[in-house]
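Asks: Got work-v9.txt for you, compact mmCIF, C-alpha atoms:
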```
# COMPACT_ATOMS: atom_id res chain seq x y z
CA MET A 990 -4.22 178.62 -101.51
CA SER A 991 -7.53 179.72 -99.99
CA VAL A 992 -8.34 183.23 -98.79
CA LEU A 993 -7.95 182.03 -95.19
CA SER A 994 -4.47 180.73 -96.03
CA TRP A 995 -3.41 184.10 -97.43
CA VAL A 996 -4.83 185.94 -94.41
CA SER A 997 -2.96 183.54 -92.10
CA VAL A 998 0.28 184.24 -93.96
CA ALA A 999 -0.34 188.00 -93.62
CA VAL A 1000 -0.95 187.71 -89.87
CA PHE A 1001 2.16 185.59 -89.39
CA LEU A 1002 4.35 187.95 -91.43
CA ALA A 1003 3.02 191.00 -89.57
CA SER A 1004 3.72 189.38 -86.19
CA TYR A 1005 7.13 188.23 -87.37
CA ALA A 1006 7.95 191.76 -88.52
CA LEU A 1007 7.00 193.14 -85.11
CA ILE A 1008 9.19 190.53 -83.42
CA ALA A 1009 12.10 191.26 -85.75
CA THR A 1010 11.88 195.06 -85.51
CA GLU A 1011 11.07 194.95 -81.78
CA LYS A 1012 8.43 197.65 -82.19
CA ILE A 1013 6.55 195.91 -79.42
CA HIS A 1014 7.68 193.20 -77.00
CA ARG A 1015 8.05 189.82 -78.69
CA VAL A 1016 5.65 188.19 -76.21
CA ALA A 1017 2.93 190.72 -77.09
CA ALA A 1018 3.58 190.21 -80.81
CA ALA A 1019 3.38 186.41 -80.53
CA LEU A 1020 0.26 186.43 -78.34
CA GLY A 1021 -1.43 189.04 -80.55
CA GLY A 1022 -0.73 186.99 -83.67
CA ALA A 1023 -1.96 183.81 -81.96
CA GLY A 1024 -5.15 185.57 -80.86
CA ILE A 1025 -5.89 186.78 -84.38
CA MET A 1026 -5.26 183.28 -85.82
CA LEU A 1027 -7.85 181.92 -83.39
CA ALA A 1028 -10.28 184.77 -84.07
CA ILE A 1029 -10.25 184.24 -87.86
CA HIS A 1030 -10.58 180.45 -87.37
CA ALA A 1031 -7.27 179.69 -89.05
CA THR A 1032 -6.99 177.25 -86.16
CA GLY A 1033 -9.39 176.37 -83.37
CA ALA A 1034 -9.02 175.98 -79.63
CA GLY A 1035 -9.09 172.21 -79.98
CA ALA A 1036 -6.39 172.11 -82.64
CA ALA A 1037 -4.28 174.71 -80.86
CA PHE A 1038 -4.47 173.41 -77.31
CA PHE A 1039 -6.11 170.03 -76.87
CA SER A 1040 -5.66 167.69 -79.84
CA GLU A 1041 -3.04 164.97 -80.05
CA HIS A 1042 -1.15 167.07 -82.61
CA SER A 1043 -1.97 170.48 -81.09
CA GLY A 1044 -0.39 173.65 -82.38
CA ILE A 1045 1.29 174.24 -79.04
CA ASP A 1046 4.03 171.67 -78.54
CA TRP A 1047 3.38 170.96 -74.88
CA ASN A 1048 6.34 168.60 -74.82
CA VAL A 1049 8.64 171.57 -75.43
CA ILE A 1050 6.80 173.86 -73.00
CA PHE A 1051 6.86 171.42 -70.08
CA LEU A 1052 10.39 170.26 -70.87
CA LEU A 1053 11.49 173.88 -70.49
CA LEU A 1054 9.44 174.36 -67.31
CA GLY A 1055 10.84 171.25 -65.64
CA MET A 1056 14.45 171.98 -66.56
CA MET A 1057 14.12 175.64 -65.49
CA ILE A 1058 12.99 174.49 -62.03
CA ILE A 1059 15.91 172.03 -61.75
CA VAL A 1060 18.36 174.72 -62.84
CA GLY A 1061 16.82 177.14 -60.33
CA VAL A 1062 17.47 174.69 -57.49
CA LEU A 1063 21.00 173.97 -58.73
CA LYS A 1064 21.74 177.69 -58.77
CA GLN A 1065 21.23 177.85 -54.99
CA THR A 1066 24.07 175.35 -54.40
CA GLY A 1067 26.78 177.59 -55.87
CA VAL A 1068 27.74 174.99 -58.49
CA PHE A 1069 27.52 177.49 -61.33
CA GLU A 1070 29.99 179.77 -59.56
CA TYR A 1071 32.23 176.73 -59.11
CA LEU A 1072 32.06 175.87 -62.82
CA ALA A 1073 32.63 179.50 -63.81
CA ILE A 1074 35.85 179.73 -61.79
CA TRP A 1075 36.97 176.30 -63.05
CA ALA A 1076 36.42 177.27 -66.68
CA ALA A 1077 38.14 180.65 -66.29
CA LYS A 1078 41.16 179.00 -64.67
CA ARG A 1079 41.35 176.35 -67.40
CA ALA A 1080 41.32 179.15 -70.01
CA ARG A 1081 43.90 181.07 -67.93
CA GLY A 1082 41.67 184.14 -68.10
CA ARG A 1083 41.86 184.50 -71.89
CA PRO A 1084 38.39 185.20 -73.37
CA PHE A 1085 38.79 183.36 -76.69
CA ARG A 1086 40.12 180.23 -74.98
CA LEU A 1087 37.17 180.46 -72.64
CA MET A 1088 34.73 180.75 -75.56
CA VAL A 1089 36.26 177.70 -77.25
CA LEU A 1090 35.95 175.70 -74.02
CA LEU A 1091 32.33 176.72 -73.43
CA VAL A 1092 31.39 176.15 -77.08
CA LEU A 1093 32.87 172.65 -77.09
CA ILE A 1094 31.16 171.77 -73.80
CA THR A 1095 27.86 173.10 -75.18
CA ALA A 1096 28.11 171.16 -78.45
CA GLY A 1097 29.10 167.93 -76.72
CA ALA A 1098 26.35 168.19 -74.13
CA SER A 1099 23.76 169.03 -76.80
CA ALA A 1100 24.61 165.83 -78.64
CA LEU A 1101 23.95 163.73 -75.53
CA LEU A 1102 21.03 165.69 -74.09
CA ASP A 1103 18.95 168.17 -76.03
CA ASN A 1104 20.05 171.68 -76.97
CA VAL A 1105 17.45 173.44 -74.80
CA THR A 1106 18.54 171.63 -71.64
CA THR A 1107 22.17 172.38 -72.45
CA VAL A 1108 21.76 176.14 -72.82
CA LEU A 1109 19.69 176.26 -69.64
CA LEU A 1110 22.63 174.72 -67.79
CA ILE A 1111 25.49 176.60 -69.51
CA ALA A 1112 24.02 180.14 -69.54
CA PRO A 1113 24.29 180.75 -65.75
CA VAL A 1114 27.93 179.63 -65.87
CA THR A 1115 28.57 182.05 -68.72
CA PHE A 1116 27.22 185.06 -66.87
CA LEU A 1117 29.29 184.31 -63.79
CA VAL A 1118 32.57 183.70 -65.61
CA CYS A 1119 32.14 186.80 -67.79
CA GLU A 1120 31.48 188.85 -64.68
CA ARG A 1121 34.69 187.50 -63.14
CA LEU A 1122 36.71 188.42 -66.24
CA ALA A 1123 34.89 191.72 -66.92
CA VAL A 1124 33.95 190.74 -70.49
CA ASN A 1125 30.69 191.12 -72.42
CA PRO A 1126 28.63 187.91 -72.09
CA ILE A 1127 26.56 188.47 -75.25
CA PRO A 1128 29.08 187.01 -77.77
CA PHE A 1129 29.47 183.95 -75.53
CA LEU A 1130 25.70 183.42 -75.25
CA ILE A 1131 25.16 183.75 -79.00
CA ALA A 1132 28.04 181.37 -79.72
CA GLU A 1133 26.65 178.83 -77.25
CA ALA A 1134 23.18 178.91 -78.81
CA LEU A 1135 24.66 178.38 -82.28
CA ALA A 1136 26.95 175.60 -81.01
CA SER A 1137 24.04 173.84 -79.30
CA ASN A 1138 22.12 173.61 -82.59
CA ILE A 1139 25.16 172.34 -84.49
CA GLY A 1140 26.11 169.81 -81.80
CA GLY A 1141 22.51 168.68 -81.39
CA ALA A 1142 22.42 167.65 -85.05
CA ALA A 1143 24.89 164.83 -84.36
CA THR A 1144 22.54 162.41 -82.59
CA LEU A 1145 18.96 161.21 -82.53
CA VAL A 1146 18.28 162.83 -79.12
CA GLY A 1147 20.22 166.06 -79.67
CA ASP A 1148 17.50 168.07 -81.41
CA PRO A 1149 13.70 167.48 -81.38
CA PRO A 1150 13.46 167.42 -85.24
CA ASN A 1151 15.84 164.45 -85.25
CA ILE A 1152 13.46 162.47 -83.04
CA ILE A 1153 10.62 163.13 -85.49
CA ILE A 1154 12.80 162.14 -88.46
CA ALA A 1155 14.00 158.96 -86.75
CA SER A 1156 10.44 157.90 -85.93
CA ARG A 1157 9.14 158.53 -89.44
CA GLY A 1158 12.18 157.13 -91.25
CA GLY A 1159 12.80 154.11 -89.02
CA LEU A 1160 16.31 155.37 -88.22
CA SER A 1161 18.35 154.32 -85.18
CA PHE A 1162 20.65 156.17 -82.80
CA ASN A 1163 23.62 154.62 -84.59
CA ASP A 1164 22.33 155.78 -87.99
CA PHE A 1165 22.63 159.39 -86.83
CA LEU A 1166 26.09 158.76 -85.41
CA ILE A 1167 27.29 157.29 -88.71
CA HIS A 1168 25.71 159.77 -91.10
CA MET A 1169 25.41 163.04 -89.14
CA ALA A 1170 28.13 163.06 -86.46
CA PRO A 1171 31.22 163.05 -88.75
CA MET A 1172 30.08 166.17 -90.57
CA VAL A 1173 29.03 167.85 -87.32
CA ILE A 1174 32.63 167.48 -86.06
CA VAL A 1175 33.88 169.25 -89.20
CA LEU A 1176 31.26 171.97 -88.79
CA MET A 1177 32.32 172.57 -85.19
CA VAL A 1178 35.95 173.08 -86.24
CA VAL A 1179 34.80 175.61 -88.85
CA PHE A 1180 32.45 177.24 -86.33
CA ILE A 1181 35.28 177.86 -83.86
CA GLY A 1182 37.16 179.66 -86.65
CA LEU A 1183 34.04 181.71 -87.39
CA CYS A 1184 33.79 182.67 -83.72
CA ARG A 1185 37.27 184.16 -83.92
CA LEU A 1186 36.29 186.19 -86.98
CA MET A 1187 32.86 187.28 -85.76
CA PHE A 1188 33.63 188.04 -82.12
CA GLY A 1189 37.36 188.78 -82.21
CA ARG A 1190 36.93 192.43 -81.28
CA SER A 1191 34.98 191.45 -78.16
CA PHE A 1192 37.91 189.57 -76.62
CA ARG A 1193 39.72 191.92 -74.27
CA TYR A 1194 42.29 190.22 -72.07
CA ASP A 1195 42.65 191.81 -68.64
CA PRO A 1196 45.84 190.48 -66.93
CA GLU A 1197 44.80 191.78 -63.50
CA ARG A 1198 41.39 190.08 -63.66
CA ALA A 1199 43.02 186.89 -64.92
CA THR A 1200 45.47 186.90 -62.02
CA GLU A 1201 42.63 187.40 -59.54
CA VAL A 1202 40.67 184.50 -61.05
CA MET A 1203 43.69 182.17 -61.00
CA ALA A 1204 44.05 182.84 -57.27
CA LEU A 1205 40.46 181.75 -56.51
CA ASP A 1206 39.55 178.38 -55.03
CA GLU A 1207 36.44 177.14 -56.82
CA ARG A 1208 35.60 174.75 -53.97
CA GLU A 1209 34.78 177.69 -51.71
CA ALA A 1210 31.92 178.66 -54.05
CA ILE A 1211 29.80 175.64 -53.02
CA ALA A 1212 27.19 176.97 -50.60
CA ASP A 1213 25.17 173.81 -49.85
CA ARG A 1214 26.90 170.48 -50.47
CA ARG A 1215 23.95 168.33 -49.43
CA LEU A 1216 21.60 170.12 -51.82
CA LEU A 1217 24.27 169.91 -54.52
CA TRP A 1218 24.51 166.12 -54.29
CA GLN A 1219 20.73 165.78 -54.20
CA SER A 1220 20.39 168.02 -57.26
CA LEU A 1221 23.16 166.25 -59.18
CA ALA A 1222 21.61 162.85 -58.44
CA VAL A 1223 18.24 163.98 -59.81
CA LEU A 1224 19.88 165.67 -62.79
CA ALA A 1225 21.86 162.50 -63.58
CA LEU A 1226 18.67 160.43 -63.54
CA VAL A 1227 16.93 162.96 -65.79
CA MET A 1228 19.83 162.92 -68.26
CA ALA A 1229 19.93 159.12 -68.27
CA ALA A 1230 16.20 159.02 -69.00
CA PHE A 1231 16.69 161.45 -71.90
CA VAL A 1232 19.37 159.23 -73.43
CA LEU A 1233 17.30 156.08 -72.84
CA HIS A 1234 14.19 157.56 -74.47
CA PRO A 1235 14.17 154.90 -77.25
CA VAL A 1236 14.01 152.21 -74.54
CA LEU A 1237 11.89 153.83 -71.81
CA HIS A 1238 9.48 155.66 -74.16
CA TYR A 1239 8.99 158.52 -71.68
CA GLU A 1240 8.64 161.91 -73.34
CA PRO A 1241 11.34 164.44 -72.31
CA SER A 1242 8.67 166.70 -70.80
CA VAL A 1243 7.48 163.91 -68.48
CA VAL A 1244 11.05 163.17 -67.40
CA ALA A 1245 11.82 166.84 -66.72
CA LEU A 1246 8.63 167.41 -64.71
CA LEU A 1247 9.17 164.25 -62.67
CA GLY A 1248 12.74 165.32 -61.94
CA ALA A 1249 11.64 168.80 -60.90
CA GLY A 1250 8.88 167.42 -58.69
CA VAL A 1251 11.16 164.90 -56.95
CA LEU A 1252 13.86 167.53 -56.39
CA VAL A 1253 11.48 170.04 -54.80
CA ALA A 1254 9.73 167.37 -52.71
CA ALA A 1255 12.94 165.72 -51.46
CA THR A 1256 14.83 168.88 -50.49
CA ARG A 1257 14.34 171.87 -48.23
CA VAL A 1258 13.79 174.18 -51.20
CA THR A 1259 10.42 175.94 -51.10
CA THR A 1260 8.07 176.05 -54.08
CA SER A 1261 8.50 179.81 -54.47
CA GLU A 1262 12.28 179.42 -54.52
CA ALA A 1263 12.05 176.61 -57.06
CA ILE A 1264 9.98 178.57 -59.57
CA ALA A 1265 11.82 181.86 -59.08
CA GLU A 1266 14.15 181.13 -62.02
CA VAL A 1267 11.42 180.06 -64.44
CA GLU A 1268 11.44 182.21 -67.61
CA TRP A 1269 7.68 182.72 -67.85
CA PRO A 1270 7.89 185.25 -70.75
CA THR A 1271 9.87 182.69 -72.78
CA LEU A 1272 7.26 179.97 -72.19
CA VAL A 1273 4.41 182.31 -73.15
CA PHE A 1274 6.29 183.44 -76.27
CA PHE A 1275 6.72 179.83 -77.34
CA ALA A 1276 3.01 179.17 -76.83
CA GLY A 1277 2.05 182.13 -79.04
CA LEU A 1278 4.58 181.19 -81.71
CA PHE A 1279 3.39 177.57 -81.74
CA VAL A 1280 -0.23 178.64 -82.22
CA MET A 1281 0.70 180.84 -85.19
CA VAL A 1282 2.79 178.15 -86.85
CA GLY A 1283 0.07 175.59 -86.09
CA ALA A 1284 -2.39 177.80 -87.96
CA LEU A 1285 -0.08 177.78 -90.99
CA VAL A 1286 -0.02 173.99 -90.78
CA GLU A 1287 -3.81 173.78 -90.38
CA THR A 1288 -4.46 175.99 -93.42
CA GLY A 1289 -2.01 174.00 -95.55
CA VAL A 1290 0.49 176.82 -96.07
CA ILE A 1291 3.61 174.93 -94.91
CA ALA A 1292 2.61 171.71 -96.70
CA GLY A 1293 1.94 173.67 -99.89
CA LEU A 1294 5.32 175.37 -99.77
CA SER A 1295 7.10 172.09 -99.08
CA GLU A 1296 5.32 170.17 -101.83
CA ALA A 1297 5.95 172.94 -104.35
CA ALA A 1298 9.67 172.92 -103.55
CA VAL A 1299 9.87 169.16 -103.91
CA ALA A 1300 7.81 169.15 -107.12
CA ALA A 1301 10.22 171.63 -108.69
CA THR A 1302 13.04 169.08 -108.43
CA ALA A 1303 11.07 165.83 -108.93
CA GLY A 1304 12.88 163.08 -110.81
CA ARG A 1305 16.34 164.48 -110.20
CA PRO A 1306 17.87 163.06 -106.99
CA GLU A 1307 20.69 165.62 -106.83
CA LEU A 1308 18.36 168.60 -107.13
CA THR A 1309 15.81 167.02 -104.79
CA THR A 1310 18.43 166.46 -102.09
CA LEU A 1311 20.09 169.86 -102.35
CA GLY A 1312 16.74 171.60 -102.81
CA LEU A 1313 15.39 169.91 -99.69
CA LEU A 1314 18.50 170.96 -97.76
CA GLY A 1315 18.13 174.60 -98.85
CA VAL A 1316 14.36 174.86 -98.41
CA SER A 1317 14.56 173.23 -94.97
CA ALA A 1318 17.25 175.71 -93.90
CA VAL A 1319 15.23 178.71 -95.11
CA LEU A 1320 11.86 177.64 -93.68
CA SER A 1321 13.38 176.51 -90.37
CA ALA A 1322 14.85 179.99 -89.98
CA ILE A 1323 11.39 181.56 -90.33
CA VAL A 1324 9.20 179.07 -88.48
CA ASP A 1325 10.30 176.81 -85.66
CA ASN A 1326 12.03 173.72 -87.07
CA ILE A 1327 9.86 171.31 -85.03
CA PRO A 1328 6.51 171.93 -86.80
CA TYR A 1329 8.32 172.27 -90.13
CA VAL A 1330 9.87 168.80 -89.82
CA ALA A 1331 6.59 167.34 -88.57
CA THR A 1332 4.91 168.65 -91.73
CA MET A 1333 7.68 167.78 -94.17
CA SER A 1334 8.57 164.27 -92.94
CA PRO A 1335 5.53 162.50 -94.53
CA ILE A 1336 6.46 164.04 -97.90
CA VAL A 1337 10.08 162.93 -97.52
CA GLU A 1338 8.90 159.44 -96.54
CA GLN A 1339 6.98 159.16 -99.82
CA LEU A 1340 10.01 160.31 -101.80
CA VAL A 1341 12.28 157.79 -100.02
CA GLN A 1342 9.85 154.97 -100.73
CA ALA A 1343 9.57 155.99 -104.38
CA THR A 1344 13.36 155.92 -104.73
CA GLY A 1345 13.66 152.36 -103.39
CA ASP A 1346 16.78 150.21 -102.69
CA GLY A 1347 17.88 152.54 -99.88
CA GLY A 1348 19.09 155.26 -102.23
CA GLY A 1349 16.62 157.80 -100.94
CA GLN A 1350 17.88 157.75 -97.34
CA VAL A 1351 20.04 160.78 -98.15
CA LEU A 1352 16.81 162.81 -98.15
CA TRP A 1353 16.42 162.19 -94.42
CA TRP A 1354 19.92 163.56 -93.80
CA ALA A 1355 19.21 166.56 -96.03
CA LEU A 1356 16.05 167.28 -94.04
CA ALA A 1357 17.85 166.85 -90.70
CA PHE A 1358 20.83 169.03 -91.62
CA GLY A 1359 18.64 171.71 -93.18
CA ALA A 1360 16.26 171.94 -90.23
CA ASP A 1361 18.92 171.73 -87.50
CA LEU A 1362 21.37 174.20 -89.09
CA GLY A 1363 18.66 176.49 -90.47
CA GLY A 1364 17.44 177.00 -86.92
CA ASN A 1365 20.62 179.02 -86.31
CA ALA A 1366 19.71 181.70 -88.84
CA THR A 1367 17.34 183.78 -86.70
CA ALA A 1368 16.54 184.35 -83.05
CA VAL A 1369 13.28 182.36 -83.34
CA GLY A 1370 14.54 179.54 -85.60
CA ALA A 1371 15.25 177.11 -82.75
CA ALA A 1372 14.09 176.67 -79.18
CA ALA A 1373 17.62 177.11 -77.80
CA ASN A 1374 17.86 180.57 -79.39
CA VAL A 1375 14.65 181.77 -77.77
CA VAL A 1376 15.73 180.43 -74.38
CA ILE A 1377 19.08 182.21 -74.61
CA LEU A 1378 17.37 185.51 -75.45
CA GLY A 1379 15.02 185.10 -72.50
CA ILE A 1380 17.84 184.36 -70.05
CA ALA A 1381 19.89 187.28 -71.38
CA ALA A 1382 16.98 189.69 -70.90
CA ARG A 1383 16.38 188.41 -67.39
CA ASN A 1384 20.01 189.07 -66.49
CA GLY A 1385 20.01 192.63 -67.77
CA THR A 1386 21.91 192.04 -71.05
CA PRO A 1387 19.15 191.83 -73.69
CA ILE A 1388 20.03 190.48 -77.14
CA SER A 1389 17.97 191.92 -79.99
CA PHE A 1390 16.52 189.86 -82.83
CA TRP A 1391 18.96 191.31 -85.37
CA GLN A 1392 21.93 191.24 -83.03
CA PHE A 1393 21.51 187.48 -82.85
CA SER A 1394 20.44 186.95 -86.45
CA ARG A 1395 23.33 188.79 -88.10
CA TYR A 1396 25.70 186.20 -86.64
CA GLY A 1397 23.28 183.29 -87.03
CA LEU A 1398 22.79 183.98 -90.74
CA ILE A 1399 26.55 183.84 -91.35
CA VAL A 1400 26.89 180.55 -89.49
CA THR A 1401 23.87 179.04 -91.28
CA VAL A 1402 25.07 180.02 -94.75
CA VAL A 1403 28.58 178.67 -94.13
CA THR A 1404 27.51 175.40 -92.47
CA VAL A 1405 24.76 174.60 -95.00
CA ALA A 1406 27.18 175.40 -97.84
CA LEU A 1407 29.62 172.86 -96.37
CA VAL A 1408 26.96 170.19 -95.91
CA ALA A 1409 25.87 170.39 -99.57
CA PRO A 1410 29.12 168.94 -101.00
CA TYR A 1411 29.24 166.41 -98.14
CA LEU A 1412 25.84 165.03 -99.17
CA TRP A 1413 26.79 165.16 -102.84
CA LEU A 1414 30.12 163.37 -102.49
CA ARG A 1415 29.05 160.77 -99.95
CA TYR A 1416 25.61 159.82 -101.28
CA LEU A 1417 25.06 161.13 -104.81
CA MET A 1418 28.27 160.42 -106.68
```
Could I get this structure in the form of structure tokens?

Replies:
Amino acid sequence: MSVLSWVSVAVFLASYALIATEKIHRVAAALGGAGIMLAIHATGAGAAFFSEHSGIDWNVIFLLLGMMIIVGVLKQTGVFEYLAIWAAKRARGRPFRLMVLLVLITAGASALLDNVTTVLLIAPVTFLVCERLAVNPIPFLIAEALASNIGGAATLVGDPPNIIIASRGGLSFNDFLIHMAPMVIVLMVVFIGLCRLMFGRSFRYDPERATEVMALDEREAIADRRLLWQSLAVLALVMAAFVLHPVLHYEPSVVALLGAGVLVAATRVTTSEAIAEVEWPTLVFFAGLFVMVGALVETGVIAGLSEAAVAATAGRPELTTLGLLGVSAVLSAIVDNIPYVATMSPIVEQLVQATGDGGGQVLWWALAFGADLGGNATAVGAAANVVILGIAARNGTPISFWQFSRYGLIVTVVTVALVAPYLWLRYLM
């Protein structure tokens, strides 16, 4: 690697260390690192902001912005309070039952939508129901972020890396259902068991609180029925457009912004009210992180690491597949899994073509599983994790980098370890 590549790695590692240790605010660390990358010409303004493949993934930024505005309007209707009471009553006030219910809803919704949209919708419900039951919301939020990344792996539209893989590999929605979804169901069963082990001490059942919740009428929580129906209609159209992306060819960011614009224009909600719930620090953090990772792509660092890992196992399909799974999980934990997959997918395409007769398709599933599940390992490994941390901080219950990562690492190690024999037995035997 060149001197500039090594300096870029040093800047990234220093910024990452500041984010992980929380010596300074993560937004300051990300913006500082991005500024230095631009100053040393590891990436330029054009490559970072304006090119077709810019370092900043504007699709992610504007998807978040649009969905945050929609969620902000929905919050005014009282629907989240309604859902919180409904969920607490279904769980009969027992925290672990509630966690299982929320985790399953999160995973299922992430498979149909995308994981970022799902956590934006489920987090407000979580805070309200935990307040009703007087339990700590942090274990629930962490579990939901992890479940969103696992559930999102099941379909083409569930996680942004899957969309990149499908485009490069010529894979269909049904391909993901056949090859990814069955294992994701197994992983979710295991994950629920892990939740019991990891968060068991956090579940304190309060009979009095449970009795109070069971006596509530969730219908009384709805504050504005007209606005609720308007919001749900727009949200349904947005969700339908997400699912129909392969047909409509509208980027998720365009759909989300159109939905937000229509909702604000067609209702009595003011602009200031609509943007009040936007997590601006989260959006800025993403921008800084994307610029730093983009610099690593521009200087060839990520491509070099990926090629070296693949070269080490060349000619041996079993080692190539399992090595790709492991490397993808590790690198996706350190850098965001979106730019990693964008960089790695051309290399995987060459390997698949070299294998011929369809035998190399397992490499696409190894890449998808590694990137999607590896994103669970750290607080910055996946977009959903960062969004959850931002929402938690905004609501006065901050989650530290290591508080999240100590659970995420366990889940990543266990799930990736289970996927390895699945790939081996189904495709390599």

Asks: Excluding same-chain residues fewer than 2 positions from segment 1212-1218 of chain A, what lies within 10 Å of it counting all atoms listed in the file, as a PyMOL selection string?

Replies: chain A and resi 1062-1068+1070-1071+1208-1210+1220-1224+1252+1255-1258

Asks: Hey, can you check how far atom CA of Leu1027 of chain A sits from atom CA of Ser1389 of chain A?

Replies: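 Atom-to-atom, atom CA of Leu1027 of chain A to atom CA of Ser1389 of chain A, that is 27.9 Å.
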
Asks: Tell me which of A:Leu1308, A:Met990, A:Ala1366, A:Ala1360 sits closest to Ile1327 of chain A, counting all atoms listed in the file.

Replies: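 Checking each candidate against Ile1327 of chain A, we get A:Ala1360 as the closest.
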
Asks: Skip Ile1154 of chain A itself and residues of its chain fewer than 3 positions away, then list as a PDB file with C-alpha atoms, keeping the file's coordinate frame all residues within 12 Å of it, counting all atoms listed in the file.

Replies:
```pdb
ATOM      1  CA  ALA A1142      22.420 167.650 -85.050  1.00  0.00           C
ATOM      2  CA  THR A1144      22.540 162.410 -82.590  1.00  0.00           C
ATOM      3  CA  LEU A1145      18.960 161.210 -82.530  1.00  0.00           C
ATOM      4  CA  VAL A1146      18.280 162.830 -79.120  1.00  0.00           C
ATOM      5  CA  ASP A1148      17.500 168.070 -81.410  1.00  0.00           C
ATOM      6  CA  PRO A1149      13.700 167.480 -81.380  1.00  0.00           C
ATOM      7  CA  PRO A1150      13.460 167.420 -85.240  1.00  0.00           C
ATOM      8  CA  ASN A1151      15.840 164.450 -85.250  1.00  0.00           C
ATOM      9  CA  ARG A1157       9.140 158.530 -89.440  1.00  0.00           C
ATOM     10  CA  GLY A1158      12.180 157.130 -91.250  1.00  0.00           C
ATOM     11  CA  GLY A1159      12.800 154.110 -89.020  1.00  0.00           C
ATOM     12  CA  LEU A1160      16.310 155.370 -88.220  1.00  0.00           C
ATOM     13  CA  SER A1161      18.350 154.320 -85.180  1.00  0.00           C
ATOM     14  CA  PHE A1162      20.650 156.170 -82.800  1.00  0.00           C
ATOM     15  CA  ASP A1164      22.330 155.780 -87.990  1.00  0.00           C
ATOM     16  CA  PHE A1165      22.630 159.390 -86.830  1.00  0.00           C
ATOM     17  CA  ASN A1326      12.030 173.720 -87.070  1.00  0.00           C
ATOM     18  CA  ILE A1327       9.860 171.310 -85.030  1.00  0.00           C
ATOM     19  CA  PRO A1328       6.510 171.930 -86.800  1.00  0.00           C
ATOM     20  CA  TYR A1329       8.320 172.270 -90.130  1.00  0.00           C
ATOM     21  CA  VAL A1330       9.870 168.800 -89.820  1.00  0.00           C
ATOM     22  CA  ALA A1331       6.590 167.340 -88.570  1.00  0.00           C
ATOM     23  CA  THR A1332       4.910 168.650 -91.730  1.00  0.00           C
ATOM     24  CA  MET A1333       7.680 167.780 -94.170  1.00  0.00           C
ATOM     25  CA  SER A1334       8.570 164.270 -92.940  1.00  0.00           C
ATOM     26  CA  PRO A1335       5.530 162.500 -94.530  1.00  0.00           C
ATOM     27  CA  ILE A1336       6.460 164.040 -97.900  1.00  0.00           C
ATOM     28  CA  VAL A1337      10.080 162.930 -97.520  1.00  0.00           C
ATOM     29  CA  GLU A1338       8.900 159.440 -96.540  1.00  0.00           C
ATOM     30  CA  GLN A1350      17.880 157.750 -97.340  1.00  0.00           C
ATOM     31  CA  LEU A1352      16.810 162.810 -98.150  1.00  0.00           C
ATOM     32  CA  TRP A1353      16.420 162.190 -94.420  1.00  0.00           C
ATOM     33  CA  TRP A1354      19.920 163.560 -93.800  1.00  0.00           C
ATOM     34  CA  ALA A1355      19.210 166.560 -96.030  1.00  0.00           C
ATOM     35  CA  LEU A1356      16.050 167.280 -94.040  1.00  0.00           C
ATOM     36  CA  ALA A1357      17.850 166.850 -90.700  1.00  0.00           C
ATOM     37  CA  PHE A1358      20.830 169.030 -91.620  1.00  0.00           C
ATOM     38  CA  ALA A1360      16.260 171.940 -90.230  1.00  0.00           C
ATOM     39  CA  ASP A1361      18.920 171.730 -87.500  1.00  0.00           C
TER      40      ASP A1361
END
```

Asks: What's around Met1177 of chain A at 8 Å? Count only C-alpha atoms, leave out sequence neighbours fewer than 4 positions away in its own chain, and write the answer as a ChimeraX atom specification.

Replies: /A:1136,1139-1140,1173,1181

Asks: Counting all atoms listed in the file, figure out which residue out of A:Gly1315, A:Gly1097, A:Pro1387, A:Gly1283 gets nearest to Gly1022 of chain A.

Replies: A:Gly1283

Asks: Which one is closest to Tyr1005 of chain A: A:Gly1364, A:Pro1084, A:Gly1248, A:Gly1277? Count all atoms listed in the file.

Replies: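 Of all the options, A:Gly1277 lies closest to Tyr1005 of chain A.
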
Asks: Arg1415 of chain A: which residues within 12 Å, counting all atoms listed in the file, same-chain residues fewer than 6 positions away excluded, as a ChimeraX atom specification?

Replies: /A:1167-1169,1171-1172,1307,1348,1350-1351,1354,1408-1409

Asks: Determine, counting all atoms listed in the file, which protein, DNA and RNA residues have an atom within 9 Å of an atom of Leu1102 of chain A; residues of the same chain fewer than 3 positions away are not included. Present the result as a PyMOL selection string.

Replies: chain A and resi 1097-1099+1105-1107+1141+1146-1148+1228-1229+1231-1232

Asks: Could you check how far atom CA of Gly1033 of chain A sits from atom CA of Ala1322 of chain A, in Å to one decimal?

Replies: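 Here the two named atoms are 25.4 Å from each other.
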
Asks: Can you measure atom CA of Val1244 of chain A to atom CA of Ala1276 of chain A for me? One decimal in Å is fine.

Replies: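 Between atom CA of Val1244 of chain A and atom CA of Ala1276 of chain A the gap works out to 20.2 Å.
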
Asks: Which protein, DNA or RNA residues have an atom at most 12 Å from (29.4, 174.1, -95.1), counting all atoms listed in the file? List them as a VMD selection string.

Replies: chain A and resid 1139 1172 to 1180 1183 1314 to 1315 1358 to 1359 1362 to 1363 1399 to 1412

Asks: Counting only C-alpha atoms, what are the residues of segment 1164-1283 of chain A within 8 Å of segment 1120-1132 of chain A, and for each of them which pair of atoms is the nearest and at what distance in Å, to one decimal? Sort the table by chain and rising number, as a Markdown table.

Replies:
```
| residue | atom | partner | partner_atom | distance |
| --- | --- | --- | --- | --- |
| A:Cys1184 | CA | A:Ala1132 | CA | 7.1 |
| A:Phe1188 | CA | A:Pro1128 | CA | 6.4 |
| A:Ser1191 | CA | A:Asn1125 | CA | 7.2 |
| A:Phe1192 | CA | A:Val1124 | CA | 7.4 |
| A:Arg1193 | CA | A:Val1124 | CA | 7.0 |
| A:Asp1195 | CA | A:Leu1122 | CA | 7.2 |
| A:Arg1198 | CA | A:Leu1122 | CA | 5.6 |
| A:Ala1199 | CA | A:Leu1122 | CA | 6.6 |
| A:Val1202 | CA | A:Arg1121 | CA | 7.0 |
```
